[in-house]
file query.cif (mmCIF, C-alpha atoms)
data_start
#
loop_
_atom_site.label_atom_id
_atom_site.label_comp_id
_atom_site.auth_asym_id
_atom_site.auth_seq_id
_atom_site.Cartn_x
_atom_site.Cartn_y
_atom_site.Cartn_z
CA MET A 23 -11.72 151.42 61.99
CA THR A 24 -13.97 151.73 65.03
CA THR A 25 -17.70 151.01 65.02
CA ARG A 26 -18.30 154.67 65.84
CA ALA A 27 -16.32 155.86 62.81
CA LEU A 28 -18.21 153.40 60.57
CA ALA A 29 -21.53 154.70 61.87
CA HIS A 30 -20.34 158.27 61.27
CA LEU A 31 -19.33 157.40 57.70
CA ARG A 32 -22.68 155.65 57.04
CA SER A 33 -24.53 158.70 58.35
CA ASN A 34 -22.47 161.04 56.13
CA LEU A 35 -23.08 158.86 53.06
CA SER A 36 -26.83 159.15 53.57
CA ALA A 37 -26.54 162.91 54.21
CA VAL A 38 -24.97 163.38 50.75
CA ASP A 39 -28.25 162.13 49.23
CA SER A 40 -30.43 164.38 51.38
CA GLU A 41 -31.20 168.07 50.83
CA GLY A 42 -29.75 169.21 54.16
CA GLU A 43 -26.33 170.57 55.03
CA TRP A 44 -23.47 168.49 53.64
CA PRO A 45 -21.32 166.71 56.18
CA ASP A 46 -18.06 168.62 56.53
CA PRO A 47 -15.62 166.96 56.84
CA PHE A 48 -17.03 163.92 55.05
CA LEU A 49 -14.67 161.27 56.35
CA PRO A 50 -14.31 160.60 60.08
CA ARG A 51 -11.08 162.34 61.12
CA GLY A 52 -9.20 159.14 61.94
CA LEU A 53 -10.03 157.61 58.55
CA GLU A 54 -9.14 160.88 56.82
CA ARG A 55 -5.73 160.94 58.50
CA LEU A 56 -5.11 157.33 57.42
CA VAL A 57 -6.16 157.96 53.80
CA VAL A 58 -4.02 161.10 53.61
CA ARG A 59 -1.02 159.34 55.15
CA LEU A 60 -1.30 156.46 52.66
CA PHE A 61 -2.21 158.30 49.46
CA GLY A 62 -1.75 162.03 50.14
CA ARG A 63 0.11 164.37 47.79
CA GLN A 64 1.42 167.82 48.62
CA ILE A 65 -0.83 170.60 47.38
CA ARG A 66 1.19 173.82 47.10
CA CYS A 67 0.19 177.46 47.01
CA ALA A 68 0.44 178.80 43.44
CA GLU A 69 1.62 182.15 44.81
CA CYS A 70 4.25 181.37 47.45
CA GLY A 71 5.00 177.71 46.72
CA ARG A 72 4.54 176.57 50.30
CA GLU A 73 2.56 173.45 51.09
CA LEU A 74 -1.11 174.21 51.68
CA PHE A 75 -1.99 170.71 52.84
CA LYS A 76 -1.56 167.04 52.00
CA GLY A 77 -4.61 165.87 50.12
CA VAL A 78 -6.14 163.00 48.23
CA PRO A 79 -8.12 163.97 45.12
CA PHE A 80 -11.06 161.67 44.47
CA LEU A 81 -13.77 161.78 41.79
CA TRP A 82 -17.18 160.65 42.92
CA ARG A 83 -20.72 161.48 41.81
CA GLY A 84 -19.64 164.28 39.53
CA LYS A 85 -17.59 166.02 42.20
CA LEU A 86 -13.86 166.33 42.75
CA TRP A 87 -13.26 165.71 46.44
CA LEU A 88 -10.07 166.80 48.18
CA PHE A 89 -9.74 164.77 51.34
CA GLY A 90 -7.34 166.50 53.69
CA ALA A 91 -8.44 170.05 52.82
CA TYR A 92 -10.68 170.43 55.86
CA GLU A 93 -9.41 173.12 58.27
CA HIS A 94 -7.19 174.63 55.55
CA VAL A 95 -8.82 177.69 54.04
CA ILE A 96 -7.76 177.85 50.40
CA ARG A 97 -8.67 179.76 47.27
CA VAL A 98 -9.31 177.77 44.14
CA SER A 99 -9.67 178.74 40.51
CA PHE A 100 -9.37 177.22 37.05
CA VAL A 101 -6.25 178.44 35.24
CA SER A 102 -6.93 176.52 32.03
CA SER A 103 -9.78 174.37 30.77
CA GLU A 104 -8.34 171.41 32.66
CA ALA A 105 -6.17 172.78 35.45
CA MET A 106 -7.06 174.22 38.83
CA GLU A 107 -4.73 176.11 41.13
CA PHE A 108 -4.85 176.67 44.85
CA ARG A 109 -3.67 179.58 46.99
CA HIS A 110 -3.57 180.52 50.64
CA ALA A 111 -6.68 182.39 51.73
CA GLN A 112 -4.95 183.47 54.95
CA LEU A 113 -2.32 186.06 54.08
CA ASP A 114 -0.37 185.44 57.28
CA GLU A 115 0.56 182.01 55.85
CA CYS A 116 1.64 183.31 52.43
CA PRO A 117 4.95 185.22 52.34
CA SER A 118 5.26 187.97 49.76
CA SER A 119 7.41 191.02 49.13
CA GLU A 120 4.30 193.10 49.88
CA ARG A 121 4.12 191.53 53.34
CA PRO A 122 7.68 191.39 54.68
CA TRP A 123 6.34 190.65 58.18
CA VAL A 124 5.02 187.23 57.11
CA GLN A 125 7.61 184.58 57.97
CA MET B 14 -9.93 209.34 68.12
CA ALA B 15 -11.24 207.44 71.17
CA VAL B 16 -11.41 203.66 71.25
CA LEU B 17 -13.91 201.54 73.17
CA THR B 18 -12.83 197.94 73.75
CA ALA B 19 -15.64 195.41 74.10
CA ILE B 20 -14.75 192.09 75.75
CA ILE B 21 -17.04 189.24 74.79
CA THR B 22 -17.13 186.61 77.50
CA HIS B 23 -19.20 183.87 79.08
CA LEU B 24 -16.83 183.21 82.00
CA GLU B 25 -17.72 183.28 85.67
CA ALA B 26 -17.51 186.60 87.53
CA PRO B 27 -14.11 186.13 89.24
CA ALA B 28 -12.39 185.37 85.91
CA VAL B 29 -14.01 188.36 84.20
CA ARG B 30 -13.04 190.61 87.11
CA ARG B 31 -9.41 189.43 86.88
CA GLN B 32 -9.35 190.19 83.16
CA LEU B 33 -10.84 193.65 83.70
CA ASP B 34 -8.36 194.38 86.49
CA TYR B 35 -5.51 193.30 84.23
CA LEU B 36 -6.70 195.54 81.38
CA ARG B 37 -7.34 198.52 83.64
CA ASP B 38 -3.87 198.15 85.16
CA LEU B 39 -2.31 197.80 81.73
CA SER B 40 -4.04 200.83 80.23
CA PRO B 41 -5.76 202.95 82.89
CA ALA B 42 -7.03 205.58 80.46
CA SER B 43 -8.74 203.06 78.18
CA ARG B 44 -12.47 202.44 78.08
CA PHE B 45 -13.74 198.88 78.38
CA VAL B 46 -17.16 197.29 78.24
CA VAL B 47 -17.84 193.65 79.06
CA CYS B 48 -20.44 191.92 76.90
CA HIS B 49 -21.48 189.01 79.08
CA GLY B 50 -23.14 186.24 77.14
CA GLY B 51 -22.96 183.65 79.92
CA SER B 52 -25.40 183.05 82.74
CA ARG B 53 -27.45 185.88 84.25
CA ALA B 54 -26.18 184.83 87.70
CA ALA B 55 -22.53 185.27 86.62
CA PHE B 56 -23.34 188.68 85.17
CA GLU B 57 -25.13 189.82 88.34
CA GLU B 58 -22.28 188.57 90.50
CA LEU B 59 -19.85 190.58 88.36
CA ALA B 60 -21.75 193.78 89.26
CA ASP B 61 -19.51 196.09 87.23
CA LYS B 62 -20.71 199.40 85.78
CA ASP B 63 -18.86 198.59 82.58
CA ALA B 64 -20.74 195.36 81.87
CA LEU B 65 -23.73 194.58 79.66
CA PHE B 66 -25.77 191.38 79.80
CA ILE B 67 -26.32 189.93 76.33
CA ASP B 68 -29.42 187.81 76.38
CA ASP B 69 -28.75 185.72 73.28
CA PRO B 70 -28.88 181.92 73.61
CA SER B 71 -26.62 181.48 70.56
CA LEU B 72 -23.70 182.74 72.70
CA ARG B 73 -24.17 179.83 75.08
CA GLY B 74 -24.46 177.16 72.39
CA SER B 75 -22.29 175.73 69.63
CA ALA B 76 -19.54 178.09 68.42
CA ARG B 77 -20.66 177.42 64.81
CA GLN B 78 -24.02 179.07 65.48
CA GLN B 79 -22.88 182.14 67.40
CA SER B 80 -24.37 185.44 66.32
CA TYR B 81 -23.09 188.82 67.52
CA ASN B 82 -26.16 190.79 66.42
CA ALA B 83 -27.30 191.37 70.00
CA ILE B 84 -23.77 192.34 71.08
CA LEU B 85 -23.30 194.89 68.31
CA ARG B 86 -26.66 196.49 69.03
CA ALA B 87 -26.15 196.51 72.81
CA VAL B 88 -22.73 198.12 72.55
CA TYR B 89 -23.87 200.72 70.07
CA GLU B 90 -27.10 201.63 71.87
CA GLY B 91 -25.70 201.24 75.38
CA ARG B 92 -22.29 202.89 75.01
CA VAL B 93 -21.49 204.41 71.63
CA ALA B 94 -24.62 206.27 70.48
CA GLN B 95 -24.55 208.77 73.34
CA ASP B 96 -20.75 209.15 73.45
CA THR B 97 -19.65 211.07 70.39
CA ASP B 98 -15.96 210.81 71.37
CA ILE B 99 -15.89 207.12 70.48
CA GLU B 100 -14.78 206.66 66.90
CA LEU B 101 -13.52 203.07 66.99
CA VAL B 102 -14.91 199.99 68.73
CA TYR B 103 -12.67 196.98 69.23
CA PHE B 104 -14.45 193.64 69.76
CA MET B 105 -12.33 190.93 71.32
CA GLU B 106 -13.19 187.56 72.81
CA TYR B 107 -12.24 186.61 76.36
CA ASP B 108 -9.23 184.62 75.10
CA HIS B 109 -7.83 187.57 73.13
CA LEU B 110 -5.03 188.90 75.27
CA VAL B 111 -3.83 192.50 75.13
CA LEU B 112 -0.07 192.62 75.75
CA ALA B 113 0.87 196.23 75.12
CA SER B 114 -0.32 199.29 77.01
CA ASP B 115 -0.31 201.34 73.80
CA PHE B 116 -2.68 198.98 71.99
CA GLU B 117 -5.19 201.77 71.34
CA ARG B 118 -2.56 203.89 69.61
CA ARG B 119 -1.72 200.96 67.34
CA LEU B 120 -5.40 200.43 66.54
CA GLU B 121 -5.78 204.13 65.77
CA GLU B 122 -2.76 203.96 63.45
CA LEU B 123 -4.33 201.01 61.66
CA ALA B 124 -7.64 202.84 61.27
CA GLY B 125 -5.87 206.02 60.21
CA ALA B 126 -4.41 204.32 57.17
CA SER B 127 -7.77 203.58 55.54
CA PRO B 128 -11.35 204.82 55.67
CA ALA B 129 -12.57 201.19 55.89
CA GLY B 130 -15.45 200.32 58.19
CA LEU B 131 -13.98 197.06 59.46
CA PHE B 132 -10.41 195.84 60.08
CA ALA B 133 -10.08 192.16 60.99
CA LYS B 134 -7.79 189.15 60.94
CA GLY B 135 -7.97 187.29 57.64
CA ALA B 136 -10.78 189.48 56.31
CA SER B 137 -11.36 188.58 52.69
CA ARG B 138 -13.94 187.65 50.11
CA ARG B 139 -14.60 183.93 50.45
CA ASN B 140 -16.65 183.04 47.36
CA ASP B 141 -13.71 181.25 45.73
CA THR B 142 -12.68 179.32 48.84
CA ASN B 143 -13.51 176.11 50.68
CA TRP B 144 -14.22 178.03 53.90
CA PRO B 145 -16.90 175.94 55.61
CA HIS B 146 -18.94 178.94 56.75
CA PHE B 147 -19.16 180.08 53.13
CA THR B 148 -20.09 176.66 51.81
CA ARG B 149 -22.71 175.92 54.45
CA TYR B 150 -24.63 179.17 53.85
CA LYS B 151 -24.16 179.64 50.12
CA ASP B 152 -27.46 178.00 49.13
CA ASP B 153 -29.51 179.43 52.01
CA ALA B 154 -32.33 181.24 50.21
CA GLY B 155 -33.29 183.39 53.21
CA ILE B 156 -29.77 184.69 53.76
CA ASN B 157 -29.20 185.24 50.05
CA ARG B 158 -32.45 187.24 49.86
CA PHE B 159 -31.48 189.27 52.95
CA PHE B 160 -28.19 190.38 51.42
CA ALA B 161 -29.69 190.93 47.94
CA GLU B 162 -32.39 193.25 49.32
CA LEU B 163 -30.00 195.23 51.51
CA SER B 164 -26.82 195.42 49.42
CA CYS B 165 -25.66 198.66 47.85
CA ARG B 166 -23.03 196.70 45.87
CA ASP B 167 -23.01 195.39 42.32
CA ASP B 168 -22.27 191.89 43.61
CA PRO B 169 -24.87 191.07 46.29
CA TRP B 170 -23.71 187.46 46.26
CA ALA B 171 -20.26 188.42 47.64
CA ARG B 172 -19.57 186.68 50.94
CA TRP B 173 -16.77 187.74 53.27
CA GLY B 174 -15.12 186.10 56.22
CA CYS B 175 -12.73 186.97 59.05
CA LEU B 176 -11.69 185.83 62.49
CA GLY B 177 -14.38 186.75 64.99
CA SER B 178 -12.00 188.04 67.64
CA GLY B 179 -10.19 191.32 67.10
CA MET B 180 -12.68 193.09 64.85
CA LEU B 181 -12.11 196.85 64.81
CA LEU B 182 -15.22 198.71 63.69
CA ARG B 183 -15.44 202.34 62.80
CA ARG B 184 -18.28 204.13 64.58
CA GLU B 185 -20.24 204.71 61.37
CA ALA B 186 -20.05 201.04 60.42
CA LEU B 187 -21.24 199.93 63.86
CA ALA B 188 -24.12 202.42 63.68
CA ALA B 189 -25.11 201.06 60.27
CA LEU B 190 -24.94 197.44 61.49
CA SER B 191 -27.07 198.28 64.50
CA ALA B 192 -29.67 200.00 62.38
CA VAL B 193 -30.39 196.94 60.21
CA PRO B 194 -33.91 195.81 61.15
CA ASP B 195 -34.31 192.14 62.17
CA PRO B 196 -31.00 190.78 60.93
CA PRO B 197 -30.95 186.98 60.65
CA ARG B 198 -28.94 185.11 63.26
CA VAL B 199 -26.05 183.92 61.16
CA TYR B 200 -22.57 182.85 62.21
CA LEU B 201 -20.69 186.04 63.03
CA GLU B 202 -17.45 185.34 61.11
CA MET B 203 -19.37 185.30 57.84
CA PHE B 204 -22.21 187.65 58.71
CA ILE B 205 -20.42 190.71 60.11
CA PRO B 206 -17.78 191.28 57.40
CA THR B 207 -20.32 190.45 54.69
CA LEU B 208 -22.90 192.84 56.09
CA VAL B 209 -20.35 195.63 56.56
CA TYR B 210 -19.32 195.19 52.92
CA HIS B 211 -22.89 195.22 51.60
CA LEU B 212 -23.69 198.30 53.67
CA GLY B 213 -21.07 200.08 51.58
CA PHE B 214 -17.99 200.06 53.82
CA ASP B 215 -14.61 198.67 52.87
CA VAL B 216 -13.28 195.68 54.80
CA VAL B 217 -9.53 195.41 55.44
CA ASP B 218 -7.44 192.34 56.23
CA VAL B 219 -5.06 193.46 59.00
CA ASP B 220 -2.47 190.93 57.77
CA ALA B 221 -2.40 192.63 54.37
CA VAL B 222 -1.34 195.99 55.79
CA SER B 223 0.61 195.37 58.99
CA ASP B 224 2.10 192.88 61.44
CA LEU B 225 -0.28 193.96 64.21
CA TYR B 226 -1.92 190.52 64.23
CA ALA B 227 1.22 188.37 63.99
CA GLY B 228 0.22 186.81 67.31
CA VAL B 229 -3.45 186.39 66.45
CA ARG B 230 -4.61 183.11 64.97
CA TRP B 231 -7.61 180.82 64.89
CA LYS B 232 -5.78 177.92 66.50
CA PRO B 233 -3.87 176.23 68.09
CA GLU B 234 -4.18 177.72 71.53
CA TYR B 235 -1.06 179.54 72.78
CA GLY B 236 0.98 178.37 75.75
CA ARG B 237 2.39 180.76 78.34
CA ASP B 238 5.95 180.67 76.99
CA GLU B 239 4.82 181.64 73.49
CA VAL B 240 2.77 184.50 74.92
CA LEU B 241 5.75 185.76 76.89
CA ALA B 242 7.88 185.61 73.73
CA TYR B 243 5.32 187.77 71.88
CA MET B 244 5.24 190.14 74.84
CA ARG B 245 9.04 190.52 74.74
CA ALA B 246 8.88 191.06 70.98
CA GLY B 247 6.55 194.00 71.54
CA GLN B 248 3.43 192.50 70.02
CA ALA B 249 0.15 194.06 71.13
CA PHE B 250 -2.19 191.04 70.96
CA VAL B 251 -2.32 187.26 71.08
CA HIS B 252 -5.26 184.93 70.49
CA PRO B 253 -6.26 182.32 71.59
CA TYR B 254 -4.93 182.18 75.14
CA LYS B 255 -7.33 180.45 77.51
CA GLN B 256 -5.24 180.26 80.66
CA PRO B 257 -6.05 182.72 83.47
CA VAL B 258 -4.74 186.19 82.73
CA SER B 259 -2.82 186.06 86.03
CA THR B 260 -0.38 183.63 84.37
CA VAL B 261 1.04 186.46 82.26
CA ALA B 262 0.12 189.55 84.30
CA ALA B 263 3.02 189.07 86.70
CA ALA B 264 5.43 188.65 83.80
CA HIS B 265 4.10 191.86 82.32
CA VAL B 266 4.95 193.75 85.47
CA GLY B 267 8.40 192.14 85.48
CA LEU B 268 8.99 192.99 81.84
CA ASN B 269 7.99 196.63 82.36
CA SER B 270 10.25 197.00 85.42
CA SER B 271 13.20 195.41 83.61
CA LYS B 272 12.63 197.86 80.74
CA ALA B 273 12.53 200.70 83.26
CA ASP B 274 15.79 199.44 84.75
CA LEU B 275 17.37 199.50 81.31
CA ILE B 276 16.27 203.10 80.80
#
call {"tool": "encode", "arguments": {"input": "query.cif", "output": "structure tokens"}}
result
Amino acid sequence: MTTRALAHLRSNLSAVDSEGEWPDPFLPRGLERLVVRLFGRQIRCAECGRELFKGVPFLWRGKLWLFGAYEHVIRVSFVSSEAMEFRHAQLDECPSSERPWVQ
Amino acid sequence: MAVLTAIITHLEAPAVRRQLDYLRDLSPASRFVVCHGGSRAAFEELADKDALFIDDPSLRGSARQQSYNAILRAVYEGRVAQDTDIELVYFMEYDHLVLASDFERRLEELAGASPAGLFAKGASRRNDTNWPHFTRYKDDAGINRFFAELSCRDDPWARWGCLGSGMLLRREALAALSAVPDPPRVYLEMFIPTLVYHLGFDVVDVDAVSDLYAGVRWKPEYGRDEVLAYMRAGQAFVHPYKQPVSTVAAAHVGLNSSKADLI
């Protein structure tokens, strides 16, 4: 990892403790790509079944992080007391019989 | 139902002139207005009667901070208020390419199917999403107060989002947006659909009702060959295409003449 990426990560770690805007994405992009390539799992749309993104779930400081989700706009909801599901937020990515024009 | 197309640009005068020439050739009866958010010098060099200078520094800064408040007001007060023929206003960015000469008819068809105030790419409620422009504003007390005081809805915390290019506004919705006193400067892709919704108008996702925006996306940028393929397929719009409009204009002429030959 480059010195610049380490500095970026250190700055984002301190930003999480501040009251300002959260760093988004949290990981430097190169590190995020590496983490996702090594540990990523397919997250699929609960409606159409297509892959939404490859992500790495990570629990830290009372939050469930999903590295790899940045730049993928997704809907999320709890479907049981312990399960969450994800869906496309962009309809042009989510084929349906109601939208025969979506490939 | 007359349409006014507003082109939002910061480009230098020769590039804007080429785009206007292309659009006027493509659809001579259409009405266009350039909203120039670039330098004053570029605007003055353009010297076109259908151009407005938008003096808003957010348009010359980071894309994440861009506000269209000044654009909406300038277009309404400068072009729409006094022209009662205009019923629809189409806002497109400089890299939003019109491919079909009957684009206004297609926009009118879209608007005819619903009384909504705004039709836009990917327009939807974003409260249950990871959309970064929802998450970065959700705890902003000033913005939350602004919407709570103004909203006529039961859910003043609703936040909407859409692609900023290709927003089709009904006249009444644009008038209502322009009449809001001192709106905060908030990123347009969250602010405009959210404000339209809280002012009492419906907001429609174009992708939910038609294939009109099959060639419109956030990114990646289109290449010339892809644009030509959409043109041949009869699509009306593509976005984003940042190459000079001349790279496809000639092909457009060729395509039209080959169609004429076929007829």
call {"tool": "residues_around", "arguments": {"input": "query.cif", "residues": "segment 226-240 of chain B", "least_positions_apart": "3", "cutoff": "6 Å", "atoms": "only C-alpha atoms", "output": "short mmCIF file (atom, residue, chain, number, x, y, z; two decimals) with C-alpha atoms, keeping the file's coordinate frame"}}
result
data_model
loop_
_atom_site.label_atom_id
_atom_site.label_comp_id
_atom_site.auth_asym_id
_atom_site.auth_seq_id
_atom_site.Cartn_x
_atom_site.Cartn_y
_atom_site.Cartn_z
CA TYR B 243 5.32 187.77 71.88
CA VAL B 251 -2.32 187.26 71.08
CA HIS B 252 -5.26 184.93 70.49
CA PRO B 253 -6.26 182.32 71.59
CA TYR B 254 -4.93 182.18 75.14
#
call {"tool": "resolve_selection", "arguments": {"input": "query.cif", "expression": "the PyMOL selection byres ((chain B and resi 36) around 12)", "output": "MDAnalysis selection string"}}
result
chainID B and resid 18:20 29:35 37:47 107 109:117 258:259 261:262 265
call {"tool": "resolve_selection", "arguments": {"input": "query.cif", "expression": "the PyMOL selection byres ((chain B and resi 174-185) around 8)", "output": "PyMOL selection string"}}
result
chain B and resi 93+99-106+109+120+124+129-139+147+172-173+186-189+201-204+206-207+230-231+252
call {"tool": "resolve_selection", "arguments": {"input": "query.cif", "expression": "the PyMOL selection byres ((chain B) within 8 of (chain A))", "output": "list in words"}}
result
Gly135, Ser137, Arg139, Asp141, Thr142, Asn143, Trp144, Pro145, Arg149, Asp220, Ala221, Val222, Ser223, Asp224 and Ala227 of chain B
call {"tool": "closest_residue", "arguments": {"input": "query.cif", "among": "A:Trp82, A:Ser119, A:Glu69, A:Arg55", "to": "Leu35 of chain A", "atoms": "all atoms listed in the file"}}
result
A:Trp82
call {"tool": "residues_near_point", "arguments": {"input": "query.cif", "point": "(-24.5, 197.9, 68.1)", "cutoff": "10 Å", "atoms": "all atoms listed in the file", "output": "list in words"}}
result
Tyr81, Asn82, Ala83, Ile84, Leu85, Arg86, Ala87, Val88, Tyr89, Glu90, Gly91, Arg92, Val93, Ala94, Val102, Arg184, Ala186, Leu187, Ala188, Ala189, Leu190, Ser191, Ala192 and Val193 of chain B
call {"tool": "residues_around", "arguments": {"input": "query.cif", "residues": "Leu56 of chain A", "least_positions_apart": "4", "cutoff": "12 Å", "atoms": "only C-alpha atoms", "output": "MDAnalysis selection string"}}
result
chainID A and resid 23 49:52 60:62 76:78 89:90
call {"tool": "write_last_selection", "arguments": {"input": "query.cif", "atoms": "C-alpha atoms", "output": "PDB file, in the coordinates of the input"}}
result
ATOM      1  CA  MET A  23     -11.720 151.420  61.990  1.00  0.00           C
ATOM      2  CA  LEU A  49     -14.670 161.270  56.350  1.00  0.00           C
ATOM      3  CA  PRO A  50     -14.310 160.600  60.080  1.00  0.00           C
ATOM      4  CA  ARG A  51     -11.080 162.340  61.120  1.00  0.00           C
ATOM      5  CA  GLY A  52      -9.200 159.140  61.940  1.00  0.00           C
ATOM      6  CA  LEU A  60      -1.300 156.460  52.660  1.00  0.00           C
ATOM      7  CA  PHE A  61      -2.210 158.300  49.460  1.00  0.00           C
ATOM      8  CA  GLY A  62      -1.750 162.030  50.140  1.00  0.00           C
ATOM      9  CA  LYS A  76      -1.560 167.040  52.000  1.00  0.00           C
ATOM     10  CA  GLY A  77      -4.610 165.870  50.120  1.00  0.00           C
ATOM     11  CA  VAL A  78      -6.140 163.000  48.230  1.00  0.00           C
ATOM     12  CA  PHE A  89      -9.740 164.770  51.340  1.00  0.00           C
ATOM     13  CA  GLY A  90      -7.340 166.500  53.690  1.00  0.00           C
TER      14      GLY A  90
END
call {"tool": "atom_distance", "arguments": {"input": "query.cif", "atom1": "atom CA of Ala126 of chain B", "atom2": "atom CA of Tyr200 of chain B"}}
result
28.6 Å
call {"tool": "residues_around", "arguments": {"input": "query.cif", "residues": "Arg118 of chain B", "least_positions_apart": "4", "cutoff": "10 Å", "atoms": "all atoms listed in the file", "output": "NGL selection string"}}
result
:B and (14-16 or 114 or 122-124)
call {"tool": "write_last_selection", "arguments": {"input": "query.cif", "atoms": "C-alpha atoms", "output": "PDB file, in the coordinates of the input"}}
result
ATOM      1  CA  MET B  14      -9.930 209.340  68.120  1.00  0.00           C
ATOM      2  CA  ALA B  15     -11.240 207.440  71.170  1.00  0.00           C
ATOM      3  CA  VAL B  16     -11.410 203.660  71.250  1.00  0.00           C
ATOM      4  CA  SER B 114      -0.320 199.290  77.010  1.00  0.00           C
ATOM      5  CA  GLU B 122      -2.760 203.960  63.450  1.00  0.00           C
ATOM      6  CA  LEU B 123      -4.330 201.010  61.660  1.00  0.00           C
ATOM      7  CA  ALA B 124      -7.640 202.840  61.270  1.00  0.00           C
TER       8      ALA B 124
END
call {"tool": "atom_distance", "arguments": {"input": "query.cif", "atom1": "atom CA of His30 of chain A", "atom2": "atom CA of Arg63 of chain A"}}
result
25.2 Å
call {"tool": "atom_distance", "arguments": {"input": "query.cif", "atom1": "atom CA of Ile205 of chain B", "atom2": "atom CA of Ser71 of chain B"}}
result
15.3 Å
call {"tool": "axis_aligned_box", "arguments": {"input": "query.cif", "around": "segment 62-68 of chain A", "padding_each_side": "3 Å", "output": "lines of an AutoDock Vina configuration file"}}
result
center_x = -0.2
center_y = 170.4
center_z = 46.8
size_x = 9.2
size_y = 22.8
size_z = 12.7
call {"tool": "closest_residue", "arguments": {"input": "query.cif", "among": "A:Gly71, A:Asn34, A:Leu88, A:Phe100", "to": "Pro117 of chain A", "atoms": "all atoms listed in the file"}}
result
A:Gly71
call {"tool": "closest_residue", "arguments": {"input": "query.cif", "among": "B:Glu162, B:Asp152, B:Asp61, B:Asp195", "to": "Glu41 of chain A", "atoms": "all atoms listed in the file"}}
result
B:Asp152
call {"tool": "closest_residue", "arguments": {"input": "query.cif", "among": "A:Met106, A:Trp87, A:Val58, A:Leu53", "to": "Phe75 of chain A", "atoms": "all atoms listed in the file"}}
result
A:Val58
